[in-house]
Amino acid sequence: MAEMTMIQAIHDAMRQEMERDERVIVLGEDVGKNGGVFRATDGLFEQFGEARVFDTPLAESGIVGTSIGLAVNGFRPVAEIQFLGFVYQAMDQLAAQAARLRFRSAGRFTCPLVVRSPYGGGVRTPELHSDALEGLFAHSLGLKIVMPSNAYDAKGLLISAIRDEDPVLFLEPMKLYRTFRMEVPEEPYEIPLGKARIVKEGEDVTVISWGASVPLVAKVAEEMKEKVDIEVIDLRSLQPLDWDTIYSSVSKTGRVIIVHEAVKTNGFGAEIAALISERALFSLSAPIVRITGYDTPYPVPSVEDDWLPNAARMIEGVQTLMRY
């Protein structure tokens with residue numbers, strides 16, 4: 001085991017997969033000699049050369065479009081979109097091409113592509129850098145969506161994503177890149193896509209979250225443990241979704257809070273709430289609560305902390321549910 005930050009674990013996953021499989025290549029803006037804006041690809045250019053780690057023009061549609069062509073022709077590209085807010089330029093390539101390729105070709109072709117991108121608040125970035133846009137892509141069936149919350153999961157999930165035959169959008173919470181270290185195996189390992197993690201077991205309230213919000217939820221659950229027994233679920237993958245873990249927890253607690261950074265309206269939390277209402281309504285003892293970003297464009301840094309889910313909003317949500 002080694003003590004790693006999330007960014008180190010992501011780097012380790014890419015390096016080991018490139019050593020294992022010569023079809024794995026890395027491309028994106030500044031990922032070569034500079035090692036990426038967050039240094040996720042630092043040293044890969046020197047180790048593997050410019051044929052397998054190369055810089056691209058500042059053109060997200062070109063990055064993803066080129067990667068789709070490479071994937072169809074036998075490579076396993078790992079493309080970086082420098083910040084998720086820039087991904088709008090590649091919406092057509094991801095949603096209309098990569099996501100539909102297997103379906104459109106009746107299974108003749110697959111698209112083993114990974115698109116990595118940092119997202120999320122708490123680091124005072126400018127506009128279009130912090131947007132959490134997973135809900136946009138959850139509507140593009142055929143595209144898998146993975147959002148780790150810690151270093152151990154990040155490495156295992158990224159290795160699984162690189163080995164997967166379908167396109168994976170791998171979203172990395174930039175706030176957690178270097179926030180903490182944890183033990184991570186030095187050898188390669190896989191974490192199955194579509195399998196949630198129970199961070200903390202509990203009996204009174206189920207809190208469902210993913211990505212950057214998970215450490216916040218876990219901290220609040222620990223602080224409130226003498227008064228409320230909170231079960232915390234880290235989804236890890238939105239597509240595919242681990243409904244069985246959600247159902248088992250909701251059936252036990254009867255109370256649900258969903259926490260995510262994206263805006264509330266049409267956020268992925270709304271889909272989870274709808275599924276629970278359709279499939280587990282009679283297990284509920286109280287209405288479902290969503291704690292999310294507000295329905296505005298991502299705010300300026302001075303009000304960022306109030307816009308994002310925070311401990312005070314979490315505690316209020318738990319207290320509201322416990323009154324039922």
# chains A, B, ... in the order shown; residues from 1 in each chain; ligands from 1
$ select_by_dssp --residues "stretch 98-167 of chain A" --states "strand (DSSP E)" --output "PyMOL selection string"
chain A and resi 114-119+144-146
$ write_last_selection --atoms "C-alpha atoms" --output "PDB file, in the first residue's frame"
ATOM      1  CA  VAL A 114     -12.492   7.423 -21.493  1.00  0.00           C
ATOM      2  CA  VAL A 115     -13.033  11.162 -21.231  1.00  0.00           C
ATOM      3  CA  ARG A 116     -11.554  12.513 -17.998  1.00  0.00           C
ATOM      4  CA  SER A 117     -12.498  15.941 -16.704  1.00  0.00           C
ATOM      5  CA  PRO A 118     -12.206  17.855 -13.422  1.00  0.00           C
ATOM      6  CA  TYR A 119     -15.359  19.529 -12.125  1.00  0.00           C
ATOM      7  CA  LYS A 144     -21.250   5.523 -18.687  1.00  0.00           C
ATOM      8  CA  ILE A 145     -20.717   8.157 -15.978  1.00  0.00           C
ATOM      9  CA  VAL A 146     -18.297   7.659 -13.099  1.00  0.00           C
TER      10      VAL A 146
END
$ select_by_dssp --residues "stretch 32-230 of chain A" --states "alpha helix (DSSP H)" --output "PyMOL selection string"
chain A and resi 44-48+60-72+91+101-104+134-138+151-163+213-223
$ closest_atom_pairs --of "stretch 91-124 of chain A" --to "stretch 261-278 of chain A" --cutoff "12 Å" --atoms "only C-alpha atoms" --output "CSV"
residue,atom,partner,partner_atom,distance
A:Tyr119,CA,A:Glu261,CA,9.8
A:Gly120,CA,A:Glu261,CA,7.1
A:Gly121,CA,A:Glu261,CA,7.8
A:Gly122,CA,A:Glu261,CA,10.4
$ atom_distance --atom1 "atom CA of A:Ile25" --atom2 "atom CA of A:Gly142"
22.0 Å
$ closest_residue --among "A:Glu172, A:Asp92, A:Asp204, A:Glu22" --to "A:Glu226" --atoms "only C-alpha atoms"
A:Asp204
$ closest_residue --among "A:Arg23, A:Arg102, A:His11, A:Arg76" --to "A:Gly156" --atoms "only C-alpha atoms"
A:His11
$ closest_residue --among "A:Thr56, A:Gln16, A:Thr320, A:Ser302" --to "A:Pro126" --atoms "only C-alpha atoms"
A:Ser302
$ atom_distance --atom1 "atom CA of A:Val123" --atom2 "atom CA of A:Glu29"
20.6 Å
$ residues_around --residues "stretch 285-296 of chain A" --least-positions-apart "5" --cutoff "6 Å" --atoms "only C-alpha atoms" --output "tab-separated table (two decimals) with N, CA and C atoms, in the first residue's frame"
chain	number	residue	atom	x	y	z
A	254	GLY	N	-36.42	4.43	5.51
A	254	GLY	CA	-37.68	5.12	5.23
A	254	GLY	C	-37.55	6.62	5.04
A	255	ARG	N	-36.36	7.15	5.15
A	255	ARG	CA	-36.12	8.59	4.97
A	255	ARG	C	-34.92	8.79	4.06
A	256	VAL	N	-35.03	9.73	3.11
A	256	VAL	CA	-33.98	9.87	2.09
A	256	VAL	C	-33.62	11.33	1.88
A	257	ILE	N	-32.32	11.59	1.85
A	257	ILE	CA	-31.77	12.88	1.42
A	257	ILE	C	-30.81	12.60	0.27
A	258	ILE	N	-30.90	13.40	-0.77
A	258	ILE	CA	-29.99	13.29	-1.92
A	258	ILE	C	-29.17	14.57	-1.99
A	259	VAL	N	-27.86	14.43	-2.05
A	259	VAL	CA	-26.97	15.59	-2.02
A	259	VAL	C	-26.07	15.58	-3.25
A	260	HIS	N	-26.10	16.68	-4.02
A	260	HIS	CA	-25.15	16.81	-5.13
A	260	HIS	C	-24.88	18.28	-5.43
A	261	GLU	N	-23.77	18.54	-6.13
A	261	GLU	CA	-23.35	19.90	-6.41
A	261	GLU	C	-24.12	20.54	-7.56
A	262	ALA	N	-24.58	19.75	-8.49
A	262	ALA	CA	-25.27	20.30	-9.66
A	262	ALA	C	-26.54	21.02	-9.24
A	263	VAL	N	-27.06	21.87	-10.15
A	263	VAL	CA	-28.29	22.59	-9.85
A	263	VAL	C	-29.43	21.61	-9.59
A	264	LYS	N	-30.45	22.08	-8.89
A	264	LYS	CA	-31.51	21.19	-8.44
A	264	LYS	C	-32.42	20.74	-9.59
A	307	TRP	N	-23.61	28.82	-2.09
A	307	TRP	CA	-24.31	28.19	-3.21
A	307	TRP	C	-24.21	26.67	-3.13
A	308	LEU	N	-23.07	26.16	-2.73
A	308	LEU	CA	-22.84	24.72	-2.67
A	308	LEU	C	-23.55	24.09	-1.48
A	309	PRO	N	-23.86	22.78	-1.56
A	309	PRO	CA	-24.33	22.09	-0.36
A	309	PRO	C	-23.31	22.25	0.78
A	324	TYR	N	-40.80	13.83	11.06
A	324	TYR	CA	-41.92	13.02	10.54
A	324	TYR	C	-42.07	11.73	11.36
$ closest_residue --among "A:Ala311, A:Leu321, A:Ile246, A:Val53" --to "A:Lys33" --atoms "only C-alpha atoms"
A:Val53
$ closest_residue --among "A:Trp243, A:Phe75, A:Tyr177, A:Phe38" --to "A:Leu113" --atoms "only C-alpha atoms"
A:Phe75
